[in-house]
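Just entry00.cif here, mmCIF, C-alpha atoms:
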```cif
data_data
loop_
_atom_site.group_PDB
_atom_site.id
_atom_site.type_symbol
_atom_site.label_atom_id
_atom_site.label_comp_id
_atom_site.auth_asym_id
_atom_site.auth_seq_id
_atom_site.Cartn_x
_atom_site.Cartn_y
_atom_site.Cartn_z
ATOM 1 C CA MET K 1 11.592 -10.407 1.009
ATOM 2 C CA PHE K 2 12.301 -14.133 1.002
ATOM 3 C CA GLU K 3 9.679 -14.707 3.691
ATOM 4 C CA LEU K 4 7.016 -12.791 1.779
ATOM 5 C CA ALA K 5 7.822 -14.723 -1.414
ATOM 6 C CA GLN K 6 7.559 -18.071 0.404
ATOM 7 C CA GLU K 7 4.345 -17.001 2.143
ATOM 8 C CA LEU K 8 2.801 -15.870 -1.147
ATOM 9 C CA ILE K 9 3.695 -19.105 -2.953
ATOM 10 C CA THR K 10 2.274 -21.262 -0.162
ATOM 11 C CA PHE K 11 -0.867 -19.126 0.054
ATOM 12 C CA LEU K 12 -1.627 -19.141 -3.675
ATOM 13 C CA LEU K 13 -0.884 -22.839 -4.194
ATOM 14 C CA SER K 14 -3.270 -23.645 -1.329
ATOM 15 C CA LYS K 15 -6.164 -21.928 -3.129
ATOM 16 C CA THR K 16 -8.098 -24.134 -5.556
ATOM 17 C CA GLU K 17 -9.360 -21.039 -7.370
ATOM 18 C CA PHE K 18 -5.728 -20.332 -8.283
ATOM 19 C CA THR K 19 -4.560 -23.883 -9.013
ATOM 20 C CA GLU K 20 -7.623 -24.790 -11.121
ATOM 21 C CA VAL K 21 -6.522 -22.132 -13.621
ATOM 22 C CA MET K 22 -2.750 -21.809 -13.155
ATOM 23 C CA SER K 23 -1.918 -25.277 -11.813
ATOM 24 C CA ASP K 24 1.495 -24.819 -10.176
ATOM 25 C CA ARG K 25 2.778 -22.418 -12.861
ATOM 26 C CA LEU K 26 3.939 -19.665 -10.498
ATOM 27 C CA THR K 27 7.461 -18.283 -10.846
ATOM 28 C CA PRO K 28 9.354 -15.195 -9.691
ATOM 29 C CA ILE K 29 9.483 -12.250 -12.111
ATOM 30 C CA VAL K 30 9.700 -14.143 -15.453
ATOM 31 C CA SER K 31 8.713 -17.493 -16.920
ATOM 32 C CA SER K 32 10.281 -19.633 -19.577
ATOM 33 C CA GLU K 33 9.390 -18.717 -23.148
ATOM 34 C CA THR K 34 7.931 -22.205 -23.481
ATOM 35 C CA SER K 35 5.563 -21.873 -20.508
ATOM 36 C CA PRO K 36 2.030 -22.822 -21.551
ATOM 37 C CA TYR K 37 -0.761 -20.301 -20.968
ATOM 38 C CA PRO K 38 -2.075 -19.430 -18.496
ATOM 39 C CA PHE K 39 0.801 -18.884 -16.070
ATOM 40 C CA ALA K 40 1.662 -16.516 -13.226
ATOM 41 C CA ASN K 41 4.662 -14.537 -12.038
ATOM 42 C CA TYR K 42 5.174 -12.687 -8.788
ATOM 43 C CA MET K 43 7.463 -9.921 -7.591
ATOM 44 C CA VAL K 44 8.048 -8.752 -4.025
ATOM 45 C CA LYS K 45 9.856 -5.680 -2.794
ATOM 46 C CA ASP K 46 10.764 -3.688 0.291
ATOM 47 C CA ASP K 47 9.337 -0.206 0.464
ATOM 48 C CA PRO K 48 10.234 2.636 2.812
ATOM 49 C CA GLY K 49 8.212 2.235 5.992
ATOM 50 C CA PHE K 50 5.760 4.584 7.551
ATOM 51 C CA THR K 51 7.960 4.814 10.637
ATOM 52 C CA LYS K 52 11.715 5.021 11.048
ATOM 53 C CA ASP K 53 11.735 1.569 12.681
ATOM 54 C CA ALA K 54 9.879 -0.476 10.097
ATOM 55 C CA ASP K 55 9.918 -0.987 6.362
ATOM 56 C CA ALA K 56 6.892 -2.174 4.441
ATOM 57 C CA GLN K 57 6.718 -4.984 1.924
ATOM 58 C CA SER K 58 4.619 -5.089 -1.199
ATOM 59 C CA GLY K 59 4.099 -7.364 -4.131
ATOM 60 C CA SER K 60 2.690 -7.736 -7.592
ATOM 61 C CA LEU K 61 1.117 -10.707 -9.299
ATOM 62 C CA PHE K 62 1.096 -11.111 -13.067
ATOM 63 C CA PHE K 63 -1.383 -13.521 -14.666
ATOM 64 C CA TYR K 64 -0.716 -14.245 -18.339
ATOM 65 C CA PHE K 65 -3.450 -15.381 -20.706
ATOM 66 C CA GLU K 66 -3.253 -16.327 -24.377
ATOM 67 C CA LYS K 67 -4.232 -14.261 -27.387
ATOM 68 C CA GLU K 68 -7.953 -13.499 -27.271
ATOM 69 C CA GLY K 69 -7.940 -14.337 -23.555
ATOM 70 C CA TYR K 70 -9.021 -10.908 -22.305
ATOM 71 C CA MET K 71 -12.306 -12.100 -20.785
ATOM 72 C CA LYS K 72 -10.615 -15.071 -19.067
ATOM 73 C CA CYS K 73 -8.047 -12.667 -17.656
ATOM 74 C CA ALA K 74 -10.730 -10.277 -16.392
ATOM 75 C CA GLN K 75 -12.697 -13.133 -14.807
ATOM 76 C CA PHE K 76 -9.579 -14.471 -13.093
ATOM 77 C CA LEU K 77 -8.785 -11.039 -11.629
ATOM 78 C CA ASP K 78 -12.343 -10.887 -10.269
ATOM 79 C CA VAL K 79 -11.891 -14.316 -8.674
ATOM 80 C CA MET K 80 -8.501 -13.465 -7.194
ATOM 81 C CA LYS K 81 -9.465 -10.106 -5.674
ATOM 82 C CA PRO K 82 -11.266 -11.465 -2.575
ATOM 83 C CA ILE K 83 -8.623 -14.175 -2.184
ATOM 84 C CA ILE K 84 -5.779 -11.668 -2.084
ATOM 85 C CA LYS K 85 -7.809 -9.513 0.323
ATOM 86 C CA GLU K 86 -7.929 -12.460 2.768
ATOM 87 C CA LYS K 87 -4.241 -11.986 3.559
ATOM 88 C CA TYR K 88 -2.987 -8.756 1.981
ATOM 89 C CA GLU K 89 -3.982 -5.121 1.515
ATOM 90 C CA TRP K 90 -5.415 -4.767 -1.987
ATOM 91 C CA LEU K 91 -3.926 -1.814 -3.914
ATOM 92 C CA GLY K 92 -5.483 -2.352 -7.312
ATOM 93 C CA SER K 93 -5.511 -4.323 -10.526
ATOM 94 C CA ASP K 94 -5.472 -3.802 -14.266
ATOM 95 C CA ILE K 95 -5.056 -5.659 -17.541
ATOM 96 C CA GLU K 96 -2.331 -4.915 -20.053
ATOM 97 C CA PHE K 97 -1.881 -6.041 -23.634
ATOM 98 C CA VAL K 98 1.417 -7.703 -24.617
ATOM 99 C CA GLU K 99 1.957 -6.661 -28.203
ATOM 100 C CA SER K 100 4.747 -9.138 -29.007
ATOM 101 C CA ASP K 101 2.449 -12.175 -28.797
ATOM 102 C CA GLN K 102 -0.910 -10.433 -28.416
ATOM 103 C CA SER K 103 -1.509 -11.971 -25.006
ATOM 104 C CA PHE K 104 -2.992 -10.306 -21.929
ATOM 105 C CA VAL K 105 -1.551 -9.902 -18.460
ATOM 106 C CA GLY K 106 -3.692 -9.230 -15.415
ATOM 107 C CA ILE K 107 -1.790 -7.404 -12.689
ATOM 108 C CA ILE K 108 -2.625 -7.267 -8.992
ATOM 109 C CA ASN K 109 -0.699 -5.008 -6.595
ATOM 110 C CA PHE K 110 -0.822 -5.484 -2.845
ATOM 111 C CA ASN K 111 0.862 -4.662 0.459
ATOM 112 C CA LYS K 112 1.731 -7.122 3.184
ATOM 113 C CA VAL K 113 -0.454 -6.373 6.189
#
```
Entire entry expressed as structure tokens:
Amino acid sequence: MFELAQELITFLLSKTEFTEVMSDRLTPIVSSETSPYPFANYMVKDDPGFTKDADAQSGSLFFYFEKEGYMKCAQFLDVMKPIIKEKYEWLGSDIEFVESDQSFVGIINFNKV
């Protein structure tokens, strides 16, 4: 999982489409409560493989946008979709509402190819 995390960080931080919006605000699983919007989190995991000899790896990206930032979030997911597809198998995306601060989180799920 460490290798996938390192690969993902390097890949995303090399993409200007990502850094123009998120800068270098990319952390595993959670961010500081004082992180300015927008920011991103990632999570990687091992999944049971399709064969007895190999496990699969997958990941999720979480892009947080401020209150009333739904359209920015949707646009960013649209921008990131082809970028993620360059290196990973796209599984899907959606946007969720965070009630506690009324922010939005765009989620992308993918498999390592």
Might you spell out which residues the PyMOL selection byres ((chain K and resi 93) around 6) would select in the displayed file, as a short mmCIF file (atom, residue, chain, number, x, y, z; two decimals) with C-alpha atoms, in the frame of the given file?
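Full text of result22.cif as output:
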```cif
data_model
loop_
_atom_site.label_atom_id
_atom_site.label_comp_id
_atom_site.auth_asym_id
_atom_site.auth_seq_id
_atom_site.Cartn_x
_atom_site.Cartn_y
_atom_site.Cartn_z
CA GLY K 92 -5.48 -2.35 -7.31
CA ASP K 94 -5.47 -3.80 -14.27
CA ILE K 107 -1.79 -7.40 -12.69
CA ILE K 108 -2.62 -7.27 -8.99
#
```
Exercise. List the neighbours of Asp55 of chain K out to 12 Å using only C-alpha atoms; skip same-chain residues closer than 6 positions along the sequence, and give me the result as a VMD selection string.
Key: chain K and resid 1 45 to 49 111 to 113
Quiz item: Which one is closest to Gln102 of chain K: K:Gly69, K:Pro38, K:Gly59, K:Pro82? Count all atoms listed in the file.
Solution: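 Ranking K:Gly69, K:Pro38, K:Gly59, K:Pro82 by distance to Gln102 of chain K, first place goes to K:Gly69.
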Exercise. Run the PyMOL selection byres ((chain K and resi 25) around 9) mentally over the shown coordinates, then write out the matched residues as JSON, numbers by chain, using the chain letters and numbers from the document.
Key: {"K": [19, 22, 23, 24, 26, 27, 31, 35, 36, 38, 39, 40, 41]}
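Within the 8 Å cut-off around Leu4 of chain K, using only C-alpha atoms and omitting residues fewer than 4 positions from it on the same chain, the listed residues are K:Leu8, K:Val44, K:Gln57, K:Lys112.
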Could those residues be written to a file, using C-alpha atoms, as a PDB file, in the coordinates of the input?
```pdb
ATOM      1  CA  LEU K   8       2.801 -15.870  -1.147  1.00  0.00           C
ATOM      2  CA  VAL K  44       8.048  -8.752  -4.025  1.00  0.00           C
ATOM      3  CA  GLN K  57       6.718  -4.984   1.924  1.00  0.00           C
ATOM      4  CA  LYS K 112       1.731  -7.122   3.184  1.00  0.00           C
TER       5      LYS K 112
END
```
Quiz item: What is the atom CA of Phe110 of chain K to atom CA of Ala5 of chain K distance in Å?
Solution: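 Atom CA of Ala5 of chain K lies at a distance of 12.7 Å from atom CA of Phe110 of chain K.
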Self-check item: For Val105 of chain K: contacts at 6 Å, only C-alpha atoms, fewer than 2 positions along chain excluded, given as a list of chain:residue names
Solution: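 Within the cut-off, the hits are K:Phe63, K:Tyr64, K:Ile95, K:Glu96.
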Quiz item: Which distance in Å separates atom CA of Ile29 of chain K and atom CA of Glu89 of chain K, to one decimal?
Solution: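 If I compute the distance from atom CA of Ile29 of chain K to atom CA of Glu89 of chain K, I get 20.4 Å.
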Practice problem: Find the distance between atom CA of Phe18 of chain K and atom CA of Met80 of chain K and write it in Å to one decimal. | Solution: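 Value for the atom CA of Phe18 of chain K-atom CA of Met80 of chain K distance: 7.5 Å.
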Quiz item: Excluding same-chain residues fewer than 2 positions from Glu17 of chain K, what lies within 12 Å of it counting only C-alpha atoms, as a PyMOL selection string?
Solution: chain K and resi 11-15+19-24+75-84
